[in-house]
$ cat protein.txt   # compact mmCIF, C-alpha atoms
# COMPACT_ATOMS: atom_id res chain seq x y z
CA SER A 1 0.00 0.00 0.00
CA LEU A 2 1.52 3.30 -1.03
CA SER A 3 0.45 6.66 0.42
CA ALA A 4 1.40 10.06 -0.88
CA GLY A 5 -0.08 12.66 1.42
CA ASP A 6 -3.81 11.96 1.57
CA THR A 7 -3.85 9.64 -1.40
CA SER A 8 -3.22 5.98 -0.89
CA VAL A 9 -3.42 3.02 -3.22
CA LEU A 10 -3.16 -0.69 -2.45
CA ALA A 11 -1.46 -2.80 -5.11
CA GLY A 12 -1.68 -6.58 -5.36
CA LEU A 13 0.32 -8.53 -7.91
CA TYR A 14 -0.41 -12.11 -8.93
CA GLY A 15 1.83 -13.99 -11.28
CA PRO A 16 3.25 -15.45 -13.37
CA ALA A 17 0.17 -17.68 -13.18
CA GLU A 18 -1.77 -19.84 -15.58
CA ALA A 19 -3.43 -17.83 -18.33
CA LYS A 20 -6.78 -18.50 -19.97
CA LEU A 21 -6.36 -19.88 -23.49
CA SER A 22 -8.08 -16.85 -24.99
CA LYS A 23 -5.71 -14.44 -23.30
CA GLU A 24 -2.37 -16.20 -23.43
CA LEU A 25 0.37 -14.84 -25.70
CA PRO A 26 2.79 -17.38 -27.19
CA ASP A 27 5.98 -15.43 -26.64
CA ARG A 28 5.47 -13.21 -23.59
CA ALA A 29 3.52 -12.78 -20.40
CA ALA A 30 0.04 -11.24 -20.71
CA LEU A 31 -0.16 -8.33 -18.31
CA GLU A 32 -3.55 -7.22 -17.00
CA VAL A 33 -4.27 -4.23 -14.79
CA LEU A 34 -7.47 -3.83 -12.78
CA LEU A 35 -8.14 -0.49 -11.17
CA ARG A 36 -10.90 -0.18 -8.60
CA PRO A 37 -12.05 3.24 -7.41
CA LYS A 38 -12.88 3.97 -3.81
CA VAL A 39 -16.65 4.20 -4.39
CA GLY A 40 -18.78 3.03 -7.24
CA LEU A 41 -18.09 0.70 -10.11
CA PRO A 42 -15.14 1.15 -12.44
CA GLY A 43 -16.13 3.29 -15.43
CA VAL A 44 -14.65 4.42 -18.70
CA LEU A 45 -12.05 6.63 -17.05
CA GLU A 46 -10.76 3.71 -14.99
CA ARG A 47 -10.52 1.61 -18.12
CA SER A 48 -8.41 4.20 -19.90
CA ARG A 49 -6.16 4.56 -16.86
CA GLU A 50 -5.80 0.78 -16.76
CA GLN A 51 -4.59 0.74 -20.35
CA GLN A 52 -2.08 3.51 -19.67
CA LEU A 53 -0.74 1.66 -16.64
CA ARG A 54 -0.62 -1.59 -18.57
CA GLN A 55 1.44 -0.12 -21.39
CA THR A 56 3.84 1.50 -18.93
CA CYS A 57 4.33 -1.75 -17.03
CA GLU A 58 4.76 -3.76 -20.22
CA ALA A 59 7.67 -1.54 -21.17
CA VAL A 60 9.63 -2.57 -18.07
CA VAL A 61 8.52 -6.12 -17.30
CA LEU A 62 10.65 -8.78 -19.05
CA GLY A 63 7.66 -10.73 -20.28
CA VAL A 64 9.72 -12.92 -22.63
CA LEU A 65 11.00 -14.88 -19.64
CA HIS A 66 7.51 -16.18 -18.89
CA PRO A 67 5.62 -16.95 -22.09
CA ARG A 68 2.02 -18.18 -21.96
CA THR A 69 1.51 -16.88 -18.43
CA ALA A 70 -0.67 -14.12 -17.03
CA VAL A 71 0.42 -11.40 -14.63
CA THR A 72 -2.43 -9.57 -12.92
CA LEU A 73 -2.03 -6.27 -11.12
CA VAL A 74 -4.96 -5.13 -8.98
CA LEU A 75 -4.98 -1.56 -7.69
CA GLN A 76 -7.51 -0.46 -5.10
CA VAL A 77 -7.87 3.22 -4.25
CA LEU A 78 -7.99 3.47 -0.46
CA SER A 79 -8.26 7.21 -0.06
CA ASP A 80 -8.22 10.08 -2.48
CA ALA A 81 -7.73 13.56 -1.05
CA GLY A 82 -11.25 14.91 -1.10
CA SER A 83 -12.47 14.31 -4.63
CA ILE A 84 -15.19 11.75 -5.25
CA SER A 85 -14.71 11.07 -8.94
CA PHE A 86 -11.53 9.85 -10.54
CA GLY A 87 -10.77 13.21 -12.04
CA ARG A 88 -7.59 13.79 -10.08
CA GLU A 89 -4.38 13.28 -11.97
CA GLY A 90 -2.43 12.96 -8.74
CA LEU A 91 -4.10 9.60 -8.29
CA LEU A 92 -2.58 8.35 -11.52
CA SER A 93 0.98 9.05 -10.38
CA CYS A 94 0.23 7.39 -7.04
CA CYS A 95 -1.04 4.34 -8.95
CA LEU A 96 2.13 4.31 -11.07
CA ASN A 97 4.33 4.33 -7.98
CA ALA A 98 2.26 1.66 -6.29
CA ALA A 99 2.40 -0.49 -9.43
CA CYS A 100 6.18 -0.22 -9.57
CA MET A 101 6.61 -1.14 -5.93
CA GLY A 102 4.21 -4.05 -6.38
CA LEU A 103 6.28 -5.35 -9.30
CA LEU A 104 9.44 -5.06 -7.20
CA ASP A 105 7.91 -6.79 -4.22
CA ALA A 106 6.59 -9.72 -6.22
CA GLY A 107 10.00 -10.48 -7.69
CA LEU A 108 9.01 -10.20 -11.34
CA PRO A 109 12.01 -9.67 -13.63
CA LEU A 110 12.19 -5.98 -14.61
CA SER A 111 14.54 -4.22 -16.97
CA SER A 112 14.23 -0.93 -15.12
CA LEU A 113 12.08 0.92 -12.58
CA PHE A 114 9.68 3.77 -13.15
CA CYS A 115 7.90 6.40 -11.11
CA GLY A 116 4.94 8.67 -11.69
CA ILE A 117 5.07 12.43 -11.23
CA THR A 118 2.26 14.95 -11.61
CA CYS A 119 2.84 18.61 -12.22
CA ALA A 120 0.37 21.44 -12.52
CA LEU A 121 0.88 24.53 -14.63
CA GLY A 122 -0.62 27.53 -12.83
CA PRO A 123 -2.38 30.37 -14.69
CA ASP A 124 0.71 32.55 -14.30
CA GLY A 125 3.09 29.90 -15.62
CA THR A 126 4.42 28.57 -12.29
CA ILE A 127 5.11 24.86 -12.14
CA VAL A 128 3.91 23.00 -9.07
CA LEU A 129 4.98 19.40 -8.57
CA ASP A 130 2.62 16.99 -6.82
CA PRO A 131 -0.29 19.45 -6.64
CA THR A 132 -3.17 19.31 -4.19
CA ALA A 133 -6.74 19.00 -5.44
CA ARG A 134 -7.20 22.76 -5.10
CA GLN A 135 -4.09 23.56 -7.10
CA GLU A 136 -5.17 21.15 -9.81
CA GLN A 137 -8.52 22.81 -10.22
CA GLU A 138 -7.00 26.26 -10.53
CA ALA A 139 -4.26 25.12 -12.91
CA ARG A 140 -4.28 25.75 -16.60
CA ALA A 141 -2.89 22.32 -17.40
CA VAL A 142 -2.02 19.23 -15.39
CA LEU A 143 0.59 16.83 -16.76
CA THR A 144 1.51 13.36 -15.51
CA PHE A 145 4.74 11.65 -16.55
CA ALA A 146 6.06 8.15 -15.98
CA ILE A 147 9.85 8.45 -15.80
CA ASP A 148 12.16 5.49 -16.26
CA ARG A 149 15.08 5.05 -13.86
CA SER A 150 17.97 3.96 -16.03
CA GLU A 151 18.07 6.93 -18.39
CA ARG A 152 15.35 9.25 -17.09
CA LYS A 153 13.37 8.72 -20.25
CA VAL A 154 9.63 9.26 -20.48
CA LEU A 155 7.55 6.08 -20.54
CA MET A 156 4.17 7.75 -20.53
CA ALA A 157 2.87 11.33 -20.64
CA THR A 158 -0.71 12.45 -20.07
CA THR A 159 -1.99 15.98 -20.25
CA LYS A 160 -5.21 17.56 -19.10
CA GLY A 161 -5.75 21.14 -20.25
CA SER A 162 -3.71 23.14 -22.72
CA CYS A 163 -0.12 24.26 -22.62
CA SER A 164 2.60 25.16 -25.07
CA VAL A 165 5.42 22.84 -26.11
CA GLU A 166 8.06 24.85 -24.20
CA GLU A 167 6.02 24.70 -21.02
CA MET A 168 5.67 20.96 -21.41
CA GLN A 169 9.45 20.64 -21.82
CA GLN A 170 9.99 22.67 -18.65
CA CYS A 171 7.55 20.49 -16.72
CA LEU A 172 9.34 17.42 -18.03
CA VAL A 173 12.73 18.67 -16.85
CA SER A 174 11.46 19.44 -13.36
CA ALA A 175 9.72 16.06 -13.24
CA GLN A 176 12.97 14.32 -14.15
CA HIS A 177 14.73 16.06 -11.28
CA ALA A 178 11.98 15.14 -8.87
CA ALA A 179 12.14 11.52 -10.00
CA ASP A 180 15.45 11.17 -8.17
CA THR A 181 13.72 11.69 -4.83
CA ILE A 182 11.21 8.99 -5.53
CA PHE A 183 13.86 6.51 -6.67
CA GLN A 184 15.80 7.20 -3.51
CA PHE A 185 12.65 6.43 -1.54
CA TYR A 186 12.34 3.10 -3.37
CA ARG A 187 15.93 2.25 -2.53
CA ASP A 188 15.55 3.15 1.14
CA SER A 189 12.37 1.20 1.67
CA LEU A 190 13.84 -1.84 -0.07
CA ARG A 191 16.98 -1.61 1.99
CA ARG A 192 14.86 -1.64 5.16
CA ARG A 193 12.93 -4.62 3.91
CA CYS A 194 15.93 -6.67 2.78
CA SER A 195 17.89 -6.08 5.94
CA LYS A 196 15.23 -7.59 8.22
CA MET B 1 25.87 8.13 -22.15
CA ALA B 2 23.51 6.57 -19.66
CA ALA B 3 22.74 8.67 -16.63
CA GLU B 4 23.14 5.63 -14.39
CA ARG B 5 26.66 4.46 -15.17
CA GLY B 6 27.68 0.94 -14.28
CA ARG B 7 29.24 0.19 -10.94
CA ALA B 8 31.83 -2.46 -10.22
CA ALA B 9 30.17 -5.73 -9.36
CA GLU B 10 32.55 -6.41 -6.51
CA ALA B 11 31.75 -3.15 -4.81
CA CYS B 12 28.06 -4.03 -4.65
CA VAL B 13 28.33 -7.50 -3.11
CA GLY B 14 26.19 -7.60 -0.01
CA GLN B 15 24.28 -4.43 -0.91
CA VAL B 16 20.75 -3.89 -2.11
CA VAL B 17 20.56 -3.69 -5.90
CA LEU B 18 17.54 -2.53 -7.89
CA PRO B 19 16.39 -3.61 -11.36
CA GLY B 20 18.04 -1.51 -14.01
CA ASP B 21 21.42 -1.32 -12.25
CA LEU B 22 24.28 -2.20 -14.52
CA LEU B 23 27.17 -4.07 -12.92
CA LEU B 24 30.58 -4.06 -14.55
CA LEU B 25 32.73 -7.15 -14.32
CA PRO B 26 36.33 -6.99 -13.05
CA ALA B 27 38.21 -7.24 -16.36
CA GLN B 28 36.25 -4.45 -17.96
CA TYR B 29 36.38 -2.29 -14.88
CA ASP B 30 40.16 -2.32 -14.96
CA GLU B 31 40.14 -1.28 -18.57
CA ASP B 32 37.89 1.66 -17.88
CA ALA B 33 40.02 2.89 -15.01
CA GLU B 34 43.36 2.69 -16.78
CA GLY B 35 42.68 4.61 -19.91
CA GLU B 36 46.33 4.68 -20.97
CA ARG B 37 46.62 1.05 -21.91
CA LEU B 38 45.78 0.33 -25.46
CA ARG B 39 44.27 -3.03 -26.07
CA LEU B 40 43.52 -4.50 -29.41
CA ASN B 41 40.52 -6.38 -28.09
CA ALA B 42 39.12 -3.60 -25.97
CA GLY B 43 35.58 -4.84 -26.11
CA ALA B 44 36.24 -8.50 -25.38
CA ALA B 45 34.44 -10.46 -22.70
CA PRO B 46 36.30 -10.92 -19.37
CA VAL B 47 38.71 -13.80 -19.07
CA GLY B 48 37.56 -16.80 -17.11
CA ARG B 49 34.16 -18.39 -16.57
CA LEU B 50 31.50 -16.50 -14.73
CA LEU B 51 28.09 -17.85 -13.79
CA CYS B 52 25.20 -15.44 -14.01
CA GLY B 53 22.69 -16.53 -11.40
CA PRO B 54 19.04 -15.74 -10.70
CA GLY B 55 18.17 -12.08 -10.84
CA LEU B 56 20.89 -11.17 -13.35
CA ARG B 57 21.09 -11.10 -17.12
CA ARG B 58 24.10 -10.62 -19.37
CA SER B 59 23.81 -7.43 -21.32
CA GLY B 60 26.74 -6.50 -23.51
CA ALA B 61 28.92 -4.48 -21.17
CA GLY B 62 28.15 -6.31 -17.97
CA LEU B 63 25.34 -7.75 -15.88
CA LEU B 64 21.92 -6.17 -15.75
CA VAL B 65 20.03 -6.59 -12.49
CA THR B 66 16.42 -7.71 -13.03
CA LYS B 67 15.23 -8.34 -9.45
CA CYS B 68 15.71 -6.35 -6.28
CA GLY B 69 17.61 -7.92 -3.43
CA LEU B 70 21.10 -8.41 -2.02
CA LEU B 71 23.92 -9.16 -4.44
CA ARG B 72 25.95 -12.23 -3.56
CA HIS B 73 29.20 -13.56 -4.99
CA ARG B 74 30.96 -16.89 -4.86
CA PRO B 75 34.62 -16.49 -5.80
CA THR B 76 35.61 -20.19 -5.79
CA GLY B 77 35.42 -22.48 -8.81
CA PRO B 78 33.59 -20.78 -11.63
CA GLY B 79 32.85 -17.46 -9.97
CA ALA B 80 29.14 -16.77 -9.66
CA TYR B 81 27.05 -13.68 -9.02
CA TRP B 82 23.40 -13.80 -8.06
CA VAL B 83 20.71 -11.76 -6.37
CA ASP B 84 19.06 -13.01 -3.16
CA SER B 85 15.50 -11.84 -3.60
CA GLN B 86 12.38 -12.42 -1.54
CA GLN B 87 9.59 -14.04 -3.43
CA LYS B 88 6.56 -16.18 -2.82
CA ARG B 89 5.80 -17.25 -6.38
CA TYR B 90 7.74 -20.28 -7.63
CA VAL B 91 9.08 -20.64 -11.17
CA PRO B 92 10.14 -24.22 -12.07
CA VAL B 93 13.87 -24.74 -12.46
CA LYS B 94 15.52 -27.95 -13.70
CA GLY B 95 16.93 -30.06 -10.90
CA ASP B 96 14.91 -28.50 -8.09
CA HIS B 97 13.33 -30.85 -5.57
CA VAL B 98 9.71 -29.88 -4.99
CA ILE B 99 6.55 -31.12 -3.32
CA GLY B 100 3.65 -31.51 -5.76
CA ILE B 101 -0.02 -32.29 -5.20
CA VAL B 102 -1.62 -34.78 -7.64
CA THR B 103 -4.57 -33.11 -9.32
CA ALA B 104 -5.43 -35.50 -12.15
CA LYS B 105 -4.58 -38.84 -13.67
CA ALA B 106 -4.56 -38.70 -17.45
CA GLY B 107 -3.81 -42.14 -18.85
CA ASP B 108 -0.23 -42.97 -17.96
CA VAL B 109 0.67 -39.56 -16.68
CA PHE B 110 -0.15 -37.72 -13.44
CA LYS B 111 -0.71 -33.98 -13.39
CA LEU B 112 0.84 -32.28 -10.34
CA ASP B 113 0.28 -28.81 -9.00
CA VAL B 114 3.69 -27.38 -8.05
CA GLY B 115 2.69 -23.76 -7.53
CA GLY B 116 4.02 -22.54 -10.88
CA SER B 117 2.13 -21.26 -13.87
CA GLU B 118 1.44 -24.74 -15.30
CA PRO B 119 0.77 -28.16 -13.81
CA ALA B 120 3.78 -30.48 -14.09
CA SER B 121 3.53 -33.96 -15.54
CA LEU B 122 4.84 -37.15 -13.91
CA SER B 123 4.94 -40.48 -15.67
CA TYR B 124 3.95 -43.57 -13.70
CA LEU B 125 7.19 -45.25 -14.75
CA ALA B 126 9.30 -42.57 -13.07
CA PHE B 127 9.24 -44.28 -9.67
CA GLU B 128 11.79 -46.72 -8.32
CA GLY B 129 10.89 -50.27 -9.20
CA ALA B 130 7.89 -49.31 -11.34
CA THR B 131 7.10 -51.40 -14.40
CA LYS B 132 4.06 -51.62 -16.63
CA ARG B 133 2.70 -54.44 -14.48
CA ASN B 134 3.82 -52.99 -11.14
CA ARG B 135 2.22 -49.55 -11.05
CA PRO B 136 2.70 -47.18 -8.11
CA ASN B 137 -0.36 -46.60 -5.97
CA VAL B 138 -0.97 -42.88 -6.49
CA GLN B 139 -4.36 -41.25 -5.92
CA VAL B 140 -5.62 -37.76 -6.64
CA GLY B 141 -4.69 -35.54 -3.69
CA ASP B 142 -1.50 -37.39 -2.77
CA LEU B 143 1.73 -35.52 -2.07
CA ILE B 144 4.76 -36.36 -4.17
CA TYR B 145 8.37 -35.29 -3.57
CA GLY B 146 10.29 -35.28 -6.83
CA GLN B 147 12.70 -33.29 -8.96
CA PHE B 148 12.30 -31.51 -12.28
CA LEU B 149 13.66 -33.27 -15.33
CA VAL B 150 12.54 -30.62 -17.78
CA ALA B 151 11.74 -27.08 -16.71
CA ASN B 152 12.10 -24.14 -19.04
CA LYS B 153 9.90 -21.29 -20.07
CA ASP B 154 8.78 -22.86 -23.33
CA MET B 155 7.75 -26.37 -22.29
CA GLU B 156 5.46 -27.99 -19.77
CA PRO B 157 7.51 -28.97 -16.69
CA GLU B 158 8.17 -32.68 -16.20
CA MET B 159 8.97 -34.31 -12.89
CA VAL B 160 10.51 -37.64 -11.93
CA CYS B 161 10.87 -39.46 -8.63
CA ILE B 162 14.12 -41.23 -9.44
CA ASP B 163 17.57 -39.79 -9.94
CA SER B 164 19.88 -40.49 -12.88
CA SER B 165 20.99 -43.88 -11.55
CA GLY B 166 17.46 -45.16 -11.07
CA LYS B 167 17.36 -44.94 -7.27
CA SER B 168 14.66 -42.99 -5.50
CA SER B 169 16.98 -41.37 -2.87
CA GLY B 170 14.17 -40.11 -0.69
CA MET B 171 11.80 -39.09 -3.45
CA GLY B 172 8.36 -40.55 -4.10
CA ILE B 173 4.95 -40.49 -2.47
CA ILE B 174 4.86 -38.77 0.91
CA GLY B 175 3.06 -40.83 3.52
CA GLN B 176 -0.21 -40.30 5.31
CA ASP B 177 -0.91 -37.68 7.97
CA GLY B 178 1.37 -34.74 8.48
CA PHE B 179 0.71 -31.12 7.58
CA LEU B 180 1.54 -29.25 4.37
CA PHE B 181 1.90 -25.46 4.36
CA LYS B 182 3.45 -22.76 2.25
CA VAL B 183 6.18 -20.27 3.12
CA SER B 184 8.27 -17.84 1.09
CA LEU B 185 11.12 -19.11 -1.05
CA GLY B 186 13.73 -17.21 0.92
CA LEU B 187 12.89 -19.09 4.11
CA ILE B 188 13.22 -22.44 2.32
CA ARG B 189 16.70 -21.51 1.10
CA LYS B 190 17.64 -20.50 4.63
CA LEU B 191 16.39 -23.81 6.02
CA LEU B 192 18.23 -25.80 3.36
CA ALA B 193 21.58 -24.20 4.16
CA PRO B 194 23.99 -26.65 5.79
CA LYS B 195 23.93 -26.58 9.59
CA CYS B 196 20.74 -24.55 9.79
CA GLU B 197 20.21 -23.38 13.37
CA ILE B 198 16.43 -23.42 13.16
CA ILE B 199 16.29 -27.11 12.32
CA GLN B 200 18.83 -27.99 15.00
CA GLU B 201 16.96 -26.09 17.68
CA LEU B 202 13.64 -27.59 16.65
CA SER B 203 15.01 -31.13 16.64
CA GLN B 204 15.93 -30.71 20.28
CA LEU B 205 12.32 -29.88 21.02
CA TYR B 206 10.44 -32.87 19.55
CA PRO B 207 11.35 -35.58 17.05
CA PHE B 208 9.65 -34.90 13.71
CA GLU B 209 9.81 -35.64 9.99
CA LEU B 210 10.31 -32.75 7.61
CA VAL B 211 10.19 -32.46 3.82
CA LEU B 212 11.19 -29.14 2.23
CA GLY B 213 10.18 -28.34 -1.31
CA MET B 214 11.93 -25.58 -3.25
CA ASN B 215 8.52 -24.36 -4.36
CA GLY B 216 7.86 -22.99 -0.90
CA ARG B 217 5.98 -26.02 0.47
CA ILE B 218 6.91 -27.73 3.71
CA TRP B 219 5.48 -31.01 5.02
CA VAL B 220 5.82 -31.76 8.74
CA LYS B 221 4.84 -34.79 10.78
CA ALA B 222 5.38 -35.25 14.51
CA LYS B 223 4.01 -37.78 16.98
CA THR B 224 0.85 -35.90 17.93
CA VAL B 225 -1.26 -33.34 16.12
CA GLN B 226 -0.46 -30.71 18.73
CA GLN B 227 3.30 -31.09 18.32
CA THR B 228 2.90 -30.90 14.55
CA LEU B 229 0.97 -27.65 14.80
CA ILE B 230 3.51 -26.14 17.16
CA ILE B 231 6.33 -26.90 14.72
CA VAL B 232 4.26 -25.46 11.84
CA ASN B 233 3.67 -22.22 13.74
CA ILE B 234 7.33 -21.83 14.62
CA LEU B 235 8.46 -22.43 11.04
CA GLU B 236 5.96 -19.92 9.71
CA ALA B 237 6.97 -17.33 12.27
CA CYS B 238 10.69 -17.88 11.63
CA GLU B 239 10.44 -15.67 8.62
CA TYR B 240 9.90 -12.57 10.72
CA MET B 241 11.53 -13.44 14.02
CA THR B 242 15.13 -12.74 14.83
CA ALA B 243 17.30 -15.50 16.27
CA GLU B 244 16.85 -14.13 19.79
CA GLN B 245 13.06 -14.13 19.63
CA ARG B 246 13.12 -17.65 18.24
CA ARG B 247 15.25 -18.95 21.09
CA GLN B 248 12.94 -17.31 23.60
CA ALA B 249 9.89 -18.90 22.00
CA LEU B 250 11.53 -22.34 21.96
CA ALA B 251 12.68 -21.99 25.56
CA LYS B 252 9.12 -21.20 26.59
CA LEU B 253 7.83 -24.26 24.76
CA SER B 254 10.40 -26.70 26.08
CA GLY B 255 9.81 -25.37 29.57
CA ASN B 256 6.10 -26.29 29.36

$ encode --input "protein.txt" --output "structure tokens"
Amino acid sequence: SLSAGDTSVLAGLYGPAEAKLSKELPDRAALEVLLRPKVGLPGVLERSREQQLRQTCEAVVLGVLHPRTAVTLVLQVLSDAGSISFGREGLLSCCLNAACMGLLDAGLPLSSLFCGITCALGPDGTIVLDPTARQEQEARAVLTFAIDRSERKVLMATTKGSCSVEEMQQCLVSAQHAADTIFQFYRDSLRRRCSK
Amino acid sequence: MAAERGRAAEACVGQVVLPGDLLLLPAQYDEDAEGERLRLNAGAAPVGRLLCGPGLRRSGAGLLVTKCGLLRHRPTGPGAYWVDSQQKRYVPVKGDHVIGIVTAKAGDVFKLDVGGSEPASLSYLAFEGATKRNRPNVQVGDLIYGQFLVANKDMEPEMVCIDSSGKSSGMGIIGQDGFLFKVSLGLIRKLLAPKCEIIQELSQLYPFELVLGMNGRIWVKAKTVQQTLIIVNILEACEYMTAEQRRQALAKLSGN
């Protein structure tokens, strides 16, 4: 379970397990992501988030080592700072971080790690990393990036609102710097766990 | 140039490594440090055999870490590097001794559940002294202790209960009674280490029979049901207890 401020997500990873014949791929593992909101049934927004998470995870998981198996990642939103619907982008980056830690914990072979960072572009052009719900509503654009650890490359980028290309580049640079903090957090929590 | 440059493998032994870390092997590390020497075969692989164990993959310049855990090294013989990771899910490996549960009999072959992604198959002739007339008495739901003959990512795993010379050497159907439970793979490796303290301390408590499967399954049988359950609880708790806490718990039990 990963908490970032008021937002917390529980991630459960199952696999590599037996896959249904209709879903199995002959050369790699079939990755499936299920995202469950805090209240209500999963809707279209959850489905699109699931696909984004799935494509990000597929980029790092070495699926060729486990052909014809299924890896299932279940994410349950435990608390989401204030907002009822799944409109908050900050939840997506929390889900990305929880997914990465779940993959690490389960011992699946990964080629690299990733983390999710949200940044909001205020009306006056200021960049705020990890915005609160209030800051997100007032922002002109909210961008979420999934940054890879080995070369700080972008695995996934999602934008809500409008911004210019230069502003997006600036947000990306600040997100890449902030990614270091999150990767250090991964390393510290794993060190604590492995030393027990 | 990659932002995360490779580190010397030797420097990381005993430390936590994360997937995506690149480890440089000794021969190449020396070449990088001494830039003055000109070598004709500058990009050649390091001299000597090196085994790349679980959690590592060869990738051009060195070893790429794929699982998180502690890096270990064995310098003797063919040197080996591997990552000690904590996992609960088992992936079949050739030569591993595991406990399987019979789920189906399909003609001349038994299907066993070993905790992996596919059921393993076991031929009825793969027991000591089994012939077409003298079949082993195996029912659905029985426990079998055997080793993998074939186990790779592309094929269905196959198990046998005899070793290469035809002797069973402890493998076969596990008897009646007893208790089967599952623990993490790291605990099994700890218990299988030579001169394991946990097993020695437990054997002083009660006499018991123990079968450890590399797939995380343990089968225990002691004289009474109560003793069996006590041993099961201690083995399950061993994962999280330190040596001190374990000794205290055992002292309390033997005092009773």

$ closest_atom_pairs --input "protein.txt" --of "chain A" --to "chain B" --cutoff "7 Å" --atoms "all atoms listed in the file" --output "CSV"
residue,atom,partner,partner_atom,distance
A:Pro16,CA,B:Ser117,CA,5.9
A:Ala17,CA,B:Ser117,CA,4.1
A:Glu18,CA,B:Ser117,CA,4.5
A:Leu65,CA,B:Lys153,CA,6.5
A:His66,CA,B:Lys153,CA,5.8
A:Pro67,CA,B:Lys153,CA,6.4
A:Thr69,CA,B:Ser117,CA,6.4
A:Leu104,CA,B:Cys68,CA,6.5
A:Ala106,CA,B:Gln87,CA,6.0
A:Gly107,CA,B:Gln87,CA,5.6
A:Leu108,CA,B:Lys67,CA,6.8
A:Pro109,CA,B:Thr66,CA,4.9
A:Leu110,CA,B:Thr66,CA,4.8
A:Ser111,CA,B:Gly20,CA,5.3
A:Ser112,CA,B:Gly20,CA,4.0
A:Leu113,CA,B:Pro19,CA,6.4
A:Ser150,CA,B:Glu4,CA,5.7
A:Glu151,CA,B:Ala3,CA,5.3
A:Arg191,CA,B:Val16,CA,6.0
A:Cys194,CA,B:Gly69,CA,6.6

$ atom_distance --input "protein.txt" --atom1 "atom CA of B:Leu149" --atom2 "atom CA of B:Gly172"
14.4 Å

$ atom_distance --input "protein.txt" --atom1 "atom CA of A:Asn97" --atom2 "atom CA of A:Leu45"
18.9 Å

$ residues_near_point --input "protein.txt" --point "(-1.8, -37.5, -15.1)" --cutoff "10 Å" --atoms "only C-alpha atoms" --output "PyMOL selection string"
chain B and resi 102-112+119-124+140

$ write_last_selection --input "protein.txt" --atoms "C-alpha atoms" --output "PDB file, in the coordinates of the input"
ATOM      1  CA  VAL B 102      -1.620 -34.780  -7.640  1.00  0.00           C
ATOM      2  CA  THR B 103      -4.570 -33.110  -9.320  1.00  0.00           C
ATOM      3  CA  ALA B 104      -5.430 -35.500 -12.150  1.00  0.00           C
ATOM      4  CA  LYS B 105      -4.580 -38.840 -13.670  1.00  0.00           C
ATOM      5  CA  ALA B 106      -4.560 -38.700 -17.450  1.00  0.00           C
ATOM      6  CA  GLY B 107      -3.810 -42.140 -18.850  1.00  0.00           C
ATOM      7  CA  ASP B 108      -0.230 -42.970 -17.960  1.00  0.00           C
ATOM      8  CA  VAL B 109       0.670 -39.560 -16.680  1.00  0.00           C
ATOM      9  CA  PHE B 110      -0.150 -37.720 -13.440  1.00  0.00           C
ATOM     10  CA  LYS B 111      -0.710 -33.980 -13.390  1.00  0.00           C
ATOM     11  CA  LEU B 112       0.840 -32.280 -10.340  1.00  0.00           C
ATOM     12  CA  PRO B 119       0.770 -28.160 -13.810  1.00  0.00           C
ATOM     13  CA  ALA B 120       3.780 -30.480 -14.090  1.00  0.00           C
ATOM     14  CA  SER B 121       3.530 -33.960 -15.540  1.00  0.00           C
ATOM     15  CA  LEU B 122       4.840 -37.150 -13.910  1.00  0.00           C
ATOM     16  CA  SER B 123       4.940 -40.480 -15.670  1.00  0.00           C
ATOM     17  CA  TYR B 124       3.950 -43.570 -13.700  1.00  0.00           C
ATOM     18  CA  VAL B 140      -5.620 -37.760  -6.640  1.00  0.00           C
TER      19      VAL B 140
END

$ closest_residue --input "protein.txt" --among "A:Leu73, A:Ala98, A:Leu91, A:Ala133" --to "A:Gly12" --atoms "all atoms listed in the file"
A:Leu73

$ residues_near_point --input "protein.txt" --point "(6.3, -10.7, -22.8)" --cutoff "6 Å" --atoms "all atoms listed in the file" --output "PyMOL selection string"
chain A and resi 28-29+63-64

$ write_last_selection --input "protein.txt" --atoms "C-alpha atoms" --output "CSV table (one decimal), in the frame of the given file"
chain,number,residue,atom,x,y,z
A,28,ARG,CA,5.5,-13.2,-23.6
A,29,ALA,CA,3.5,-12.8,-20.4
A,63,GLY,CA,7.7,-10.7,-20.3
A,64,VAL,CA,9.7,-12.9,-22.6

$ closest_residue --input "protein.txt" --among "B:Ile173, B:Cys161, B:Val93, B:Ala249" --to "B:Met214" --atoms "only C-alpha atoms"
B:Val93

$ residues_around --input "protein.txt" --residues "B:Leu192" --least-positions-apart "5" --cutoff "12 Å" --atoms "all atoms listed in the file" --output "PyMOL selection string"
chain B and resi 97+185-187+197-200+210-214+216+218

$ atom_distance --input "protein.txt" --atom1 "atom CA of A:Ala120" --atom2 "atom CA of A:Gln52"
19.5 Å

$ closest_residue --input "protein.txt" --among "B:Gly100, B:Pro92, B:Gly146, B:Pro75" --to "B:Glu128" --atoms "only C-alpha atoms"
B:Gly146
